[in-house]
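Please read the structure below before turning to the comments.
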Amino acid sequence: MELPPGPREDPCAWEDDSDPEPEPDPDAQAEAYVSRVLSPPQFGLAPLRAPSLSAPAAFSGAPEPRPTSKGPSVQVPGLLSLPPELLLEICAYLDARLVLHVLPRVCRALRDLVRDHVTWRLRAQRRVRAPYPVVEEEDFDWPAACIELEQHLSRWAEDGRWAEYFCLADGHFASIDSVLLLQGGTLCLSGSRDRNVNLWDLRQLGVEPSRVLVKALGTQKNSTHKGWVWSLAALDHRVCSGSWDSTVKLWDMAADGQQFGEIKGKAAVLCLSYRPDILVTGTYDKKVTVYDPRAGPALLKSRRLHSSAVLALLADDRHIISGSEDHTLVVFDRRANSVLQRLQVGPAQGLEGPGLHVAQPELLYPSSLPQLDSYLLCMSYQEPQLWAGDNQGLLHVFANREGCFQLVRTFDVGHRSQITGIKHSLGALYTTSTDKTIRVRPSDRPRPPLARNTPLDFTCCPPPGARAHRPTMDHLHPKPPQRAKWAASGGLSLEVWRLQA
């Protein structure tokens with residue numbers, strides 16, 4: 001059998017064929033053979049070229065270079081010879097970030113496979129084994145959703161046994177109603193019915209327990225506010241706290257929590273939203289009020305958008321969304337300075353039919369059917385999805401389609417009482433309730449707590465009658481070496497989970 005010339009041979013060395021051929025080194029030949037034939041193929045490298053046909057042979061018995069065939073070449077067995085289904089199966093065992101950022105650099109075939117959104121759709125649906133996502137848009141970011149989903153499942157693996165749990169019970173002497181994580185989960189604020197806003201340094205957890213509680217904000221002798229602290233919101237290092245004393249106080253965490261502003265209103269502040277250009281309050285007197293935090297803060301406008309107390313509030317660059325005890329969800333257009341939508345959350349009739357009671361918790365009703373008699377207590381918005389929890393323990397999902405919010409799904413996630421807090425993202429869903437439970441799931445179609453593949457179902461036990469669990473959490477992708485944290489209030493205590501990196 002004729003063997004082609006080695007890749008390192010120099011054609012110029014063949015000019016003089018008068019010298020005798022040197023004795024071959026068997027060890028060198030064996031190593032060259034193993035390196036050339038038995039090593040795995042290196043994709044993406046330029047093929048080795050044979051010497052030019054014009055070069056004279058070094059000896060009479062030298063093999064001639066093989067002419068390039070124009071017909072179909074015989075592929076060397078390797079990874080890329082496998083069908084796409086097997087390649088996807090192999091990739092499923094690799095970290096999603098490695099698949100997204102490393103494999104495309106290997107060769108064009110793997111790059112095209114990774115760039116196909118069908119690859120990521122199949123990967124995500126394999127992880128959750130359920131319809132995912134609840135609301136899909138044309139530009140849905142499947143790779144980002146897979147990365148976040150897999151990180152979420154990894155952090156809460158084995159029912160959260162690798163998550164460190166801390167119960168901080170010495171900071172407040174009354175029920176905690178608001179919790180807020182800051183600076184990537186290194187700091188935490190808690191607002192309580194003891195009228196204080198406490199600052200916690202979570203970096204000291206497990207290190208110096210006596211130094212976890214830093215101080216209560218404010219210069220007043222006995223308390224931060226003169227009424228119950230009911231809401232907290234933050235923008236970078238600036239924080240605001242809302243209270244039943246009808247005031248909003250602003251704090252600068254970069255200046256050791258010093259107060260730099262105060263808003264005196266006419267009714268209890270039940271919810272807040274802090275943006276770079278506006279600070280929005282929802283109050284007990286049925287109003288939504290907008291301030292400019294950069295000037296004073298200065299009052300911009302106040303509108304009575306509801307016929308009862310405003311319980312939940314969100315704002316972005318285009319909308320202000322508010323939920324009220326009057327069973328309505330109002331979408332206010334900031335640019336047009338007018339109400340864009342007013343959605344009725346209840347009351348409802350005719351929901352006694354089969355499959356529409358709580359015993360069928362997958363999908364209670366489509367958007368075309370009447371809605372339940374409920375009102376919204378909390379909201380989480382990541383465009384185009386708005387997720388909201390109500391006073392009956394149900395979860396509603398709205399989709400923003402061309403500026404119009406539509407109810408697309410309603411779920412029973414297993415809570416037996418009001419949902420007081422919700423956080424959702426591409427890959428994770430956290431809900432908390434006055435039934436003293438915290439539920440952690442992927443953000444696919446939520447399932448009942450006893451369903452197969454349900455990742456987690458936490459249960460905490462605050463004192464009877466306490467308004468339990470107002471949740472908050474930091475980024476799902478904390479920067480190294482930080483570890484993601486999740487915090488909730490449980491009666492008199494602040495409860496913190498520090499997740500694995």
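Numbering starts fresh at 1 for the residues of each chain in the structure tokens, the chains themselves are lettered A, B, ... in the order given, and ligands are numbered from 1 as they appear.
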Wanna dump the region 138-216 of chain A-region 255-272 of chain A contacts at 12 Å for me, each residue with its shortest atom pair and the distance in Å to one decimal, counting only C-alpha atoms, ordered by chain and number, as a tab-separated table?
```
residue	atom	partner	partner_atom	distance
A:Asp177	CA	A:Leu270	CA	10.6
A:Ser178	CA	A:Cys271	CA	10.1
A:Leu187	CA	A:Gly257	CA	11.4
A:Cys188	CA	A:Gly257	CA	11.8
A:Leu189	CA	A:Gly257	CA	10.5
A:Val197	CA	A:Gly257	CA	10.5
A:Asn198	CA	A:Gly257	CA	10.2
A:Leu199	CA	A:Gly257	CA	8.4
A:Trp200	CA	A:Gly257	CA	11.4
A:Asp201	CA	A:Asp256	CA	12.0
A:Val214	CA	A:Asp256	CA	10.2
A:Lys215	CA	A:Gly257	CA	9.3
A:Ala216	CA	A:Gly257	CA	9.2
```
Take the residues just selected and output them with N, CA and C atoms as a short mmCIF file (atom, residue, chain, number, x, y, z; two decimals), in the first residue's frame.
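Final file, out15.cif:
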```
data_model
loop_
_atom_site.label_atom_id
_atom_site.label_comp_id
_atom_site.auth_asym_id
_atom_site.auth_seq_id
_atom_site.Cartn_x
_atom_site.Cartn_y
_atom_site.Cartn_z
N ASP A 177 -42.79 43.12 57.06
CA ASP A 177 -43.71 43.17 55.93
C ASP A 177 -43.04 43.49 54.60
N SER A 178 -41.77 43.83 54.59
CA SER A 178 -41.07 44.13 53.33
C SER A 178 -39.60 43.77 53.47
N LEU A 187 -26.11 43.12 50.81
CA LEU A 187 -26.84 43.86 51.84
C LEU A 187 -28.32 43.55 51.74
N CYS A 188 -29.03 43.74 52.84
CA CYS A 188 -30.46 43.50 52.87
C CYS A 188 -31.13 44.54 53.76
N LEU A 189 -32.31 45.00 53.35
CA LEU A 189 -33.13 45.89 54.15
C LEU A 189 -34.42 45.17 54.51
N VAL A 197 -36.60 50.34 59.73
CA VAL A 197 -35.98 49.75 58.55
C VAL A 197 -34.58 49.34 58.96
N ASN A 198 -34.32 48.04 59.01
CA ASN A 198 -33.02 47.53 59.44
C ASN A 198 -32.13 47.23 58.25
N LEU A 199 -30.84 47.51 58.42
CA LEU A 199 -29.82 47.20 57.43
C LEU A 199 -29.03 45.99 57.89
N TRP A 200 -28.90 44.97 57.01
CA TRP A 200 -28.21 43.72 57.32
C TRP A 200 -27.04 43.55 56.35
N ASP A 201 -25.91 43.10 56.86
CA ASP A 201 -24.74 42.78 56.05
C ASP A 201 -24.67 41.27 55.90
N VAL A 214 -26.55 45.54 61.03
CA VAL A 214 -25.70 46.73 61.06
C VAL A 214 -26.34 47.82 61.90
N LYS A 215 -27.58 48.21 61.54
CA LYS A 215 -28.24 49.29 62.27
C LYS A 215 -29.66 49.47 61.75
N ALA A 216 -30.43 50.30 62.43
CA ALA A 216 -31.72 50.76 61.94
C ALA A 216 -31.51 52.12 61.27
#
```
- Task: Give me every strand (DSSP E) residue in region 135-315 of chain A, going by DSSP on the backbone, as a PyMOL selection string.
- Result: chain A and resi 164-168+176-182+187-192+197-201+213-216+229-235+238-243+247-252+258-264+269-274+279-283+287-292+298-304+310-315
- Note on the structure: As a check of understanding: the span from CA of Arg123 (chain A) to CA of Gly389 (chain A) is 28.9 Å
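With only C-alpha atoms taken into account, the protein and nucleic acid residues at most 7 Å from Asn196 (chain A) (excluding it and anything under 3 positions from it in its own chain) are Gly191, Ser192, Ala216, Ser223, Thr224, His225 and Val229 of chain A.
Interatomic distance, CA of Ser417 (chain A) against CA of Arg439 (chain A): 12.9 Å.
As for CA of Leu205 (chain A) and CA of Ile176 (chain A), they are spaced 19.5 Å apart.
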Got a sec: who's within 10 Å of Gly427 (chain A), counting only C-alpha atoms, leaving out chain neighbours fewer than 3 positions off, as a PDB file with all heavy atoms, in the first residue's frame?
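Result saved to result_30.pdb:
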```
ATOM      1  N   ALA A 124     -34.608  23.117  26.381  1.00  0.00           N
ATOM      2  CA  ALA A 124     -35.411  23.646  27.486  1.00  0.00           C
ATOM      3  C   ALA A 124     -36.586  22.740  27.810  1.00  0.00           C
ATOM      4  O   ALA A 124     -36.869  22.456  28.983  1.00  0.00           O
ATOM      5  CB  ALA A 124     -35.898  25.051  27.145  1.00  0.00           C
ATOM      6  N   VAL A 128     -37.658  20.843  31.530  1.00  0.00           N
ATOM      7  CA  VAL A 128     -38.854  21.076  32.341  1.00  0.00           C
ATOM      8  C   VAL A 128     -39.940  20.049  32.082  1.00  0.00           C
ATOM      9  O   VAL A 128     -40.852  19.896  32.888  1.00  0.00           O
ATOM     10  CB  VAL A 128     -39.401  22.491  32.103  1.00  0.00           C
ATOM     11  CG1 VAL A 128     -38.383  23.529  32.490  1.00  0.00           C
ATOM     12  CG2 VAL A 128     -39.806  22.701  30.647  1.00  0.00           C
ATOM     13  N   TYR A 132     -43.231  25.145  27.508  1.00  0.00           N
ATOM     14  CA  TYR A 132     -42.355  26.231  27.947  1.00  0.00           C
ATOM     15  C   TYR A 132     -41.997  27.073  26.738  1.00  0.00           C
ATOM     16  O   TYR A 132     -41.686  26.540  25.682  1.00  0.00           O
ATOM     17  CB  TYR A 132     -41.085  25.652  28.580  1.00  0.00           C
ATOM     18  CG  TYR A 132     -40.072  26.681  29.010  1.00  0.00           C
ATOM     19  CD1 TYR A 132     -40.181  27.304  30.243  1.00  0.00           C
ATOM     20  CD2 TYR A 132     -39.021  27.044  28.181  1.00  0.00           C
ATOM     21  CE1 TYR A 132     -39.252  28.255  30.638  1.00  0.00           C
ATOM     22  CE2 TYR A 132     -38.094  27.985  28.563  1.00  0.00           C
ATOM     23  CZ  TYR A 132     -38.212  28.588  29.799  1.00  0.00           C
ATOM     24  OH  TYR A 132     -37.304  29.539  30.188  1.00  0.00           O
ATOM     25  N   PRO A 133     -42.070  28.419  26.870  1.00  0.00           N
ATOM     26  CA  PRO A 133     -42.517  29.206  28.029  1.00  0.00           C
ATOM     27  C   PRO A 133     -44.026  29.373  28.039  1.00  0.00           C
ATOM     28  O   PRO A 133     -44.709  28.937  27.111  1.00  0.00           O
ATOM     29  CB  PRO A 133     -41.821  30.551  27.792  1.00  0.00           C
ATOM     30  CG  PRO A 133     -41.791  30.667  26.295  1.00  0.00           C
ATOM     31  CD  PRO A 133     -41.574  29.275  25.777  1.00  0.00           C
ATOM     32  N   ALA A 144     -30.592  32.251  26.264  1.00  0.00           N
ATOM     33  CA  ALA A 144     -30.557  32.862  27.591  1.00  0.00           C
ATOM     34  C   ALA A 144     -31.516  32.154  28.544  1.00  0.00           C
ATOM     35  O   ALA A 144     -31.212  31.966  29.733  1.00  0.00           O
ATOM     36  CB  ALA A 144     -30.898  34.347  27.500  1.00  0.00           C
ATOM     37  N   ALA A 145     -32.679  31.761  28.040  1.00  0.00           N
ATOM     38  CA  ALA A 145     -33.646  31.053  28.877  1.00  0.00           C
ATOM     39  C   ALA A 145     -33.085  29.708  29.338  1.00  0.00           C
ATOM     40  O   ALA A 145     -33.254  29.319  30.501  1.00  0.00           O
ATOM     41  CB  ALA A 145     -34.951  30.857  28.110  1.00  0.00           C
ATOM     42  N   CYS A 146     -32.396  28.990  28.452  1.00  0.00           N
ATOM     43  CA  CYS A 146     -31.819  27.699  28.831  1.00  0.00           C
ATOM     44  C   CYS A 146     -30.735  27.866  29.888  1.00  0.00           C
ATOM     45  O   CYS A 146     -30.674  27.095  30.848  1.00  0.00           O
ATOM     46  CB  CYS A 146     -31.239  27.011  27.591  1.00  0.00           C
ATOM     47  SG  CYS A 146     -32.451  26.102  26.623  1.00  0.00           S
ATOM     48  N   ILE A 147     -29.870  28.863  29.707  1.00  0.00           N
ATOM     49  CA  ILE A 147     -28.800  29.084  30.675  1.00  0.00           C
ATOM     50  C   ILE A 147     -29.378  29.391  32.050  1.00  0.00           C
ATOM     51  O   ILE A 147     -28.969  28.821  33.065  1.00  0.00           O
ATOM     52  CB  ILE A 147     -27.885  30.225  30.191  1.00  0.00           C
ATOM     53  CG1 ILE A 147     -27.099  29.779  28.951  1.00  0.00           C
ATOM     54  CG2 ILE A 147     -26.930  30.661  31.298  1.00  0.00           C
ATOM     55  CD1 ILE A 147     -26.269  30.876  28.331  1.00  0.00           C
ATOM     56  N   GLU A 148     -30.370  30.283  32.088  1.00  0.00           N
ATOM     57  CA  GLU A 148     -30.955  30.657  33.369  1.00  0.00           C
ATOM     58  C   GLU A 148     -31.722  29.502  33.988  1.00  0.00           C
ATOM     59  O   GLU A 148     -31.670  29.280  35.203  1.00  0.00           O
ATOM     60  CB  GLU A 148     -31.862  31.874  33.173  1.00  0.00           C
ATOM     61  CG  GLU A 148     -32.326  32.490  34.468  1.00  0.00           C
ATOM     62  CD  GLU A 148     -32.980  33.838  34.239  1.00  0.00           C
ATOM     63  OE1 GLU A 148     -32.463  34.608  33.407  1.00  0.00           O
ATOM     64  OE2 GLU A 148     -34.004  34.106  34.887  1.00  0.00           O
ATOM     65  N   LEU A 149     -32.436  28.763  33.164  1.00  0.00           N
ATOM     66  CA  LEU A 149     -33.200  27.618  33.665  1.00  0.00           C
ATOM     67  C   LEU A 149     -32.283  26.570  34.279  1.00  0.00           C
ATOM     68  O   LEU A 149     -32.545  26.053  35.375  1.00  0.00           O
ATOM     69  CB  LEU A 149     -34.016  27.018  32.522  1.00  0.00           C
ATOM     70  CG  LEU A 149     -34.796  25.744  32.829  1.00  0.00           C
ATOM     71  CD1 LEU A 149     -35.869  26.019  33.871  1.00  0.00           C
ATOM     72  CD2 LEU A 149     -35.416  25.179  31.560  1.00  0.00           C
ATOM     73  N   GLU A 150     -31.177  26.257  33.615  1.00  0.00           N
ATOM     74  CA  GLU A 150     -30.271  25.232  34.121  1.00  0.00           C
ATOM     75  C   GLU A 150     -29.538  25.709  35.372  1.00  0.00           C
ATOM     76  O   GLU A 150     -29.262  24.912  36.279  1.00  0.00           O
ATOM     77  CB  GLU A 150     -29.291  24.831  33.022  1.00  0.00           C
ATOM     78  CG  GLU A 150     -29.979  24.082  31.883  1.00  0.00           C
ATOM     79  CD  GLU A 150     -29.025  23.685  30.778  1.00  0.00           C
ATOM     80  OE1 GLU A 150     -27.801  23.700  31.018  1.00  0.00           O
ATOM     81  OE2 GLU A 150     -29.500  23.344  29.678  1.00  0.00           O
ATOM     82  N   GLN A 151     -29.209  26.991  35.439  1.00  0.00           N
ATOM     83  CA  GLN A 151     -28.615  27.509  36.661  1.00  0.00           C
ATOM     84  C   GLN A 151     -29.591  27.407  37.824  1.00  0.00           C
ATOM     85  O   GLN A 151     -29.211  27.048  38.945  1.00  0.00           O
ATOM     86  CB  GLN A 151     -28.183  28.962  36.456  1.00  0.00           C
ATOM     87  CG  GLN A 151     -26.932  29.127  35.621  1.00  0.00           C
ATOM     88  CD  GLN A 151     -26.492  30.566  35.532  1.00  0.00           C
ATOM     89  OE1 GLN A 151     -27.269  31.483  35.797  1.00  0.00           O
ATOM     90  NE2 GLN A 151     -25.250  30.795  35.148  1.00  0.00           N
ATOM     91  N   HIS A 152     -30.846  27.730  37.561  1.00  0.00           N
ATOM     92  CA  HIS A 152     -31.870  27.647  38.604  1.00  0.00           C
ATOM     93  C   HIS A 152     -32.018  26.207  39.107  1.00  0.00           C
ATOM     94  O   HIS A 152     -32.031  25.957  40.319  1.00  0.00           O
ATOM     95  CB  HIS A 152     -33.192  28.158  38.043  1.00  0.00           C
ATOM     96  CG  HIS A 152     -34.383  27.861  38.890  1.00  0.00           C
ATOM     97  ND1 HIS A 152     -34.643  28.544  40.053  1.00  0.00           N
ATOM     98  CD2 HIS A 152     -35.375  26.948  38.763  1.00  0.00           C
ATOM     99  CE1 HIS A 152     -35.749  28.070  40.600  1.00  0.00           C
ATOM    100  NE2 HIS A 152     -36.209  27.103  39.840  1.00  0.00           N
ATOM    101  N   LEU A 153     -32.112  25.252  38.190  1.00  0.00           N
ATOM    102  CA  LEU A 153     -32.272  23.857  38.591  1.00  0.00           C
ATOM    103  C   LEU A 153     -31.038  23.346  39.326  1.00  0.00           C
ATOM    104  O   LEU A 153     -31.140  22.547  40.260  1.00  0.00           O
ATOM    105  CB  LEU A 153     -32.546  22.997  37.361  1.00  0.00           C
ATOM    106  CG  LEU A 153     -33.878  23.251  36.635  1.00  0.00           C
ATOM    107  CD1 LEU A 153     -33.967  22.428  35.370  1.00  0.00           C
ATOM    108  CD2 LEU A 153     -35.055  22.954  37.544  1.00  0.00           C
ATOM    109  N   HIS A 424     -40.349  36.495  38.937  1.00  0.00           N
ATOM    110  CA  HIS A 424     -40.218  35.568  37.822  1.00  0.00           C
ATOM    111  C   HIS A 424     -39.159  36.079  36.854  1.00  0.00           C
ATOM    112  O   HIS A 424     -38.863  37.279  36.801  1.00  0.00           O
ATOM    113  CB  HIS A 424     -41.559  35.396  37.096  1.00  0.00           C
ATOM    114  CG  HIS A 424     -41.697  36.225  35.860  1.00  0.00           C
ATOM    115  ND1 HIS A 424     -41.993  37.574  35.896  1.00  0.00           N
ATOM    116  CD2 HIS A 424     -41.543  35.912  34.548  1.00  0.00           C
ATOM    117  CE1 HIS A 424     -42.039  38.045  34.670  1.00  0.00           C
ATOM    118  NE2 HIS A 424     -41.766  37.072  33.830  1.00  0.00           N
ATOM    119  N   ARG A 441     -39.853  27.253  41.610  1.00  0.00           N
ATOM    120  CA  ARG A 441     -40.085  26.408  40.440  1.00  0.00           C
ATOM    121  C   ARG A 441     -39.388  26.997  39.225  1.00  0.00           C
ATOM    122  O   ARG A 441     -39.069  28.174  39.197  1.00  0.00           O
ATOM    123  CB  ARG A 441     -41.588  26.307  40.123  1.00  0.00           C
ATOM    124  CG  ARG A 441     -42.474  25.942  41.297  1.00  0.00           C
ATOM    125  CD  ARG A 441     -43.942  26.100  40.921  1.00  0.00           C
ATOM    126  NE  ARG A 441     -44.794  25.857  42.069  1.00  0.00           N
ATOM    127  CZ  ARG A 441     -45.201  24.652  42.460  1.00  0.00           C
ATOM    128  NH1 ARG A 441     -44.822  23.606  41.773  1.00  0.00           N
ATOM    129  NH2 ARG A 441     -45.968  24.500  43.519  1.00  0.00           N
ATOM    130  N   PRO A 442     -39.225  26.175  38.173  1.00  0.00           N
ATOM    131  CA  PRO A 442     -38.896  26.768  36.880  1.00  0.00           C
ATOM    132  C   PRO A 442     -40.084  27.576  36.378  1.00  0.00           C
ATOM    133  O   PRO A 442     -41.222  27.329  36.775  1.00  0.00           O
ATOM    134  CB  PRO A 442     -38.630  25.562  35.975  1.00  0.00           C
ATOM    135  CG  PRO A 442     -38.438  24.406  36.902  1.00  0.00           C
ATOM    136  CD  PRO A 442     -39.251  24.714  38.124  1.00  0.00           C
ATOM    137  N   SER A 443     -39.840  28.547  35.516  1.00  0.00           N
ATOM    138  CA  SER A 443     -40.935  29.399  35.048  1.00  0.00           C
ATOM    139  C   SER A 443     -41.599  28.800  33.816  1.00  0.00           C
ATOM    140  O   SER A 443     -41.814  29.460  32.809  1.00  0.00           O
ATOM    141  CB  SER A 443     -40.432  30.806  34.730  1.00  0.00           C
ATOM    142  OG  SER A 443     -39.429  30.751  33.734  1.00  0.00           O
ATOM    143  N   ASP A 444     -41.924  27.491  33.888  1.00  0.00           N
ATOM    144  CA  ASP A 444     -42.756  26.884  32.865  1.00  0.00           C
ATOM    145  C   ASP A 444     -44.196  26.979  33.347  1.00  0.00           C
ATOM    146  O   ASP A 444     -44.502  27.723  34.271  1.00  0.00           O
ATOM    147  CB  ASP A 444     -42.340  25.426  32.630  1.00  0.00           C
ATOM    148  CG  ASP A 444     -42.468  24.594  33.906  1.00  0.00           C
ATOM    149  OD1 ASP A 444     -42.506  25.198  34.990  1.00  0.00           O
ATOM    150  OD2 ASP A 444     -42.513  23.365  33.813  1.00  0.00           O
ATOM    151  N   LEU A 476     -30.284  36.443  39.059  1.00  0.00           N
ATOM    152  CA  LEU A 476     -30.104  35.009  38.906  1.00  0.00           C
ATOM    153  C   LEU A 476     -28.714  34.674  38.382  1.00  0.00           C
ATOM    154  O   LEU A 476     -28.330  33.529  38.333  1.00  0.00           O
ATOM    155  CB  LEU A 476     -31.156  34.456  37.934  1.00  0.00           C
ATOM    156  CG  LEU A 476     -32.583  34.458  38.462  1.00  0.00           C
ATOM    157  CD1 LEU A 476     -33.544  34.007  37.384  1.00  0.00           C
ATOM    158  CD2 LEU A 476     -32.717  33.583  39.679  1.00  0.00           C
TER     159      LEU A 476
END
```
- Query: region 166-211 of chain A: which residues are helix (DSSP H, G or I) by DSSP, as JSON, numbers by chain?
  - Reply: {"A": [183, 184, 185, 202, 203, 204, 209, 210, 211]}
Restrict the selected residues to all heavy atoms and save them as a PDB file, in the first residue's frame.
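Saved the output as selection15.pdb:
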```
ATOM      1  N   GLN A 183     -27.184  45.429  46.206  1.00  0.00           N
ATOM      2  CA  GLN A 183     -25.782  45.234  45.829  1.00  0.00           C
ATOM      3  C   GLN A 183     -25.444  43.762  45.619  1.00  0.00           C
ATOM      4  O   GLN A 183     -24.514  43.220  46.209  1.00  0.00           O
ATOM      5  CB  GLN A 183     -24.859  45.870  46.872  1.00  0.00           C
ATOM      6  CG  GLN A 183     -25.074  47.359  47.038  1.00  0.00           C
ATOM      7  CD  GLN A 183     -24.154  47.991  48.067  1.00  0.00           C
ATOM      8  OE1 GLN A 183     -23.173  47.380  48.490  1.00  0.00           O
ATOM      9  NE2 GLN A 183     -24.457  49.213  48.463  1.00  0.00           N
ATOM     10  N   GLY A 184     -26.237  43.118  44.770  1.00  0.00           N
ATOM     11  CA  GLY A 184     -25.959  41.724  44.448  1.00  0.00           C
ATOM     12  C   GLY A 184     -26.164  40.762  45.587  1.00  0.00           C
ATOM     13  O   GLY A 184     -25.587  39.680  45.601  1.00  0.00           O
ATOM     14  N   GLY A 185     -26.982  41.122  46.567  1.00  0.00           N
ATOM     15  CA  GLY A 185     -27.258  40.235  47.685  1.00  0.00           C
ATOM     16  C   GLY A 185     -26.291  40.362  48.834  1.00  0.00           C
ATOM     17  O   GLY A 185     -26.356  39.571  49.780  1.00  0.00           O
ATOM     18  N   LEU A 202     -25.152  40.755  54.761  1.00  0.00           N
ATOM     19  CA  LEU A 202     -25.228  39.313  54.560  1.00  0.00           C
ATOM     20  C   LEU A 202     -23.871  38.685  54.281  1.00  0.00           C
ATOM     21  O   LEU A 202     -23.760  37.457  54.257  1.00  0.00           O
ATOM     22  CB  LEU A 202     -26.198  39.000  53.415  1.00  0.00           C
ATOM     23  CG  LEU A 202     -27.630  39.514  53.611  1.00  0.00           C
ATOM     24  CD1 LEU A 202     -28.524  39.024  52.491  1.00  0.00           C
ATOM     25  CD2 LEU A 202     -28.193  39.105  54.968  1.00  0.00           C
ATOM     26  N   ARG A 203     -22.842  39.478  54.078  1.00  0.00           N
ATOM     27  CA  ARG A 203     -21.497  38.928  53.918  1.00  0.00           C
ATOM     28  C   ARG A 203     -20.983  38.325  55.222  1.00  0.00           C
ATOM     29  O   ARG A 203     -20.041  37.518  55.204  1.00  0.00           O
ATOM     30  CB  ARG A 203     -20.550  40.025  53.436  1.00  0.00           C
ATOM     31  CG  ARG A 203     -20.836  40.527  52.023  1.00  0.00           C
ATOM     32  CD  ARG A 203     -20.063  41.788  51.709  1.00  0.00           C
ATOM     33  NE  ARG A 203     -20.471  42.902  52.565  1.00  0.00           N
ATOM     34  CZ  ARG A 203     -20.068  44.155  52.407  1.00  0.00           C
ATOM     35  NH1 ARG A 203     -19.228  44.447  51.418  1.00  0.00           N
ATOM     36  NH2 ARG A 203     -20.497  45.110  53.225  1.00  0.00           N
ATOM     37  N   GLN A 204     -21.598  38.716  56.333  1.00  0.00           N
ATOM     38  CA  GLN A 204     -21.168  38.206  57.640  1.00  0.00           C
ATOM     39  C   GLN A 204     -21.886  36.928  58.049  1.00  0.00           C
ATOM     40  O   GLN A 204     -21.604  36.393  59.122  1.00  0.00           O
ATOM     41  CB  GLN A 204     -21.389  39.285  58.714  1.00  0.00           C
ATOM     42  CG  GLN A 204     -20.683  40.598  58.434  1.00  0.00           C
ATOM     43  CD  GLN A 204     -19.176  40.443  58.367  1.00  0.00           C
ATOM     44  OE1 GLN A 204     -18.592  39.608  59.048  1.00  0.00           O
ATOM     45  NE2 GLN A 204     -18.538  41.273  57.533  1.00  0.00           N
ATOM     46  N   PRO A 209     -21.683  36.350  63.166  1.00  0.00           N
ATOM     47  CA  PRO A 209     -23.135  36.536  63.332  1.00  0.00           C
ATOM     48  C   PRO A 209     -23.506  37.818  64.064  1.00  0.00           C
ATOM     49  O   PRO A 209     -24.551  38.415  63.779  1.00  0.00           O
ATOM     50  CB  PRO A 209     -23.556  35.300  64.129  1.00  0.00           C
ATOM     51  CG  PRO A 209     -22.500  34.282  63.843  1.00  0.00           C
ATOM     52  CD  PRO A 209     -21.232  35.054  63.687  1.00  0.00           C
ATOM     53  N   SER A 210     -22.677  38.281  64.966  1.00  0.00           N
ATOM     54  CA  SER A 210     -22.995  39.495  65.720  1.00  0.00           C
ATOM     55  C   SER A 210     -22.905  40.750  64.870  1.00  0.00           C
ATOM     56  O   SER A 210     -23.410  41.806  65.267  1.00  0.00           O
ATOM     57  CB  SER A 210     -22.057  39.620  66.927  1.00  0.00           C
ATOM     58  OG  SER A 210     -20.701  39.715  66.499  1.00  0.00           O
ATOM     59  N   ARG A 211     -22.289  40.653  63.706  1.00  0.00           N
ATOM     60  CA  ARG A 211     -22.120  41.815  62.843  1.00  0.00           C
ATOM     61  C   ARG A 211     -23.061  41.802  61.643  1.00  0.00           C
ATOM     62  O   ARG A 211     -22.959  42.667  60.774  1.00  0.00           O
ATOM     63  CB  ARG A 211     -20.672  41.886  62.352  1.00  0.00           C
ATOM     64  CG  ARG A 211     -19.651  42.012  63.478  1.00  0.00           C
ATOM     65  CD  ARG A 211     -18.229  41.983  62.957  1.00  0.00           C
ATOM     66  NE  ARG A 211     -17.984  43.082  62.017  1.00  0.00           N
ATOM     67  CZ  ARG A 211     -16.831  43.229  61.352  1.00  0.00           C
ATOM     68  NH1 ARG A 211     -15.854  42.345  61.529  1.00  0.00           N
ATOM     69  NH2 ARG A 211     -16.677  44.246  60.519  1.00  0.00           N
TER      70      ARG A 211
END
```
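Of the listed residues (A:Leu82, A:Ala174, A:Val99, A:Thr119), A:Ala174 comes nearest to Leu492 (chain A); the distances count only C-alpha atoms.
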- Selection: 8 Å around Asp435 (chain A), only C-alpha atoms, excl. self and same-chain fewer than 5 positions, as a PyMOL selection string: chain A and resi 415-418+468
- Message: Neighbouring residues of Glu85 (chain A) were defined as those with any atom within 12 Å, considering only C-alpha atoms; residues of the same chain fewer than 6 positions away were excluded. Please report them as a list of chain:residue names.
- Response: A:Cys91, A:Ala92, A:Leu113, A:Val118, A:Thr119, A:Leu122, A:Arg123
- Query: Quick one: residues within 7 Å of region 279-283 of chain A, only C-alpha atoms counted, chain neighbours fewer than 3 positions away excluded, as a PyMOL selection string?
  - Reply: chain A and resi 267-275+286-293+309-311+313
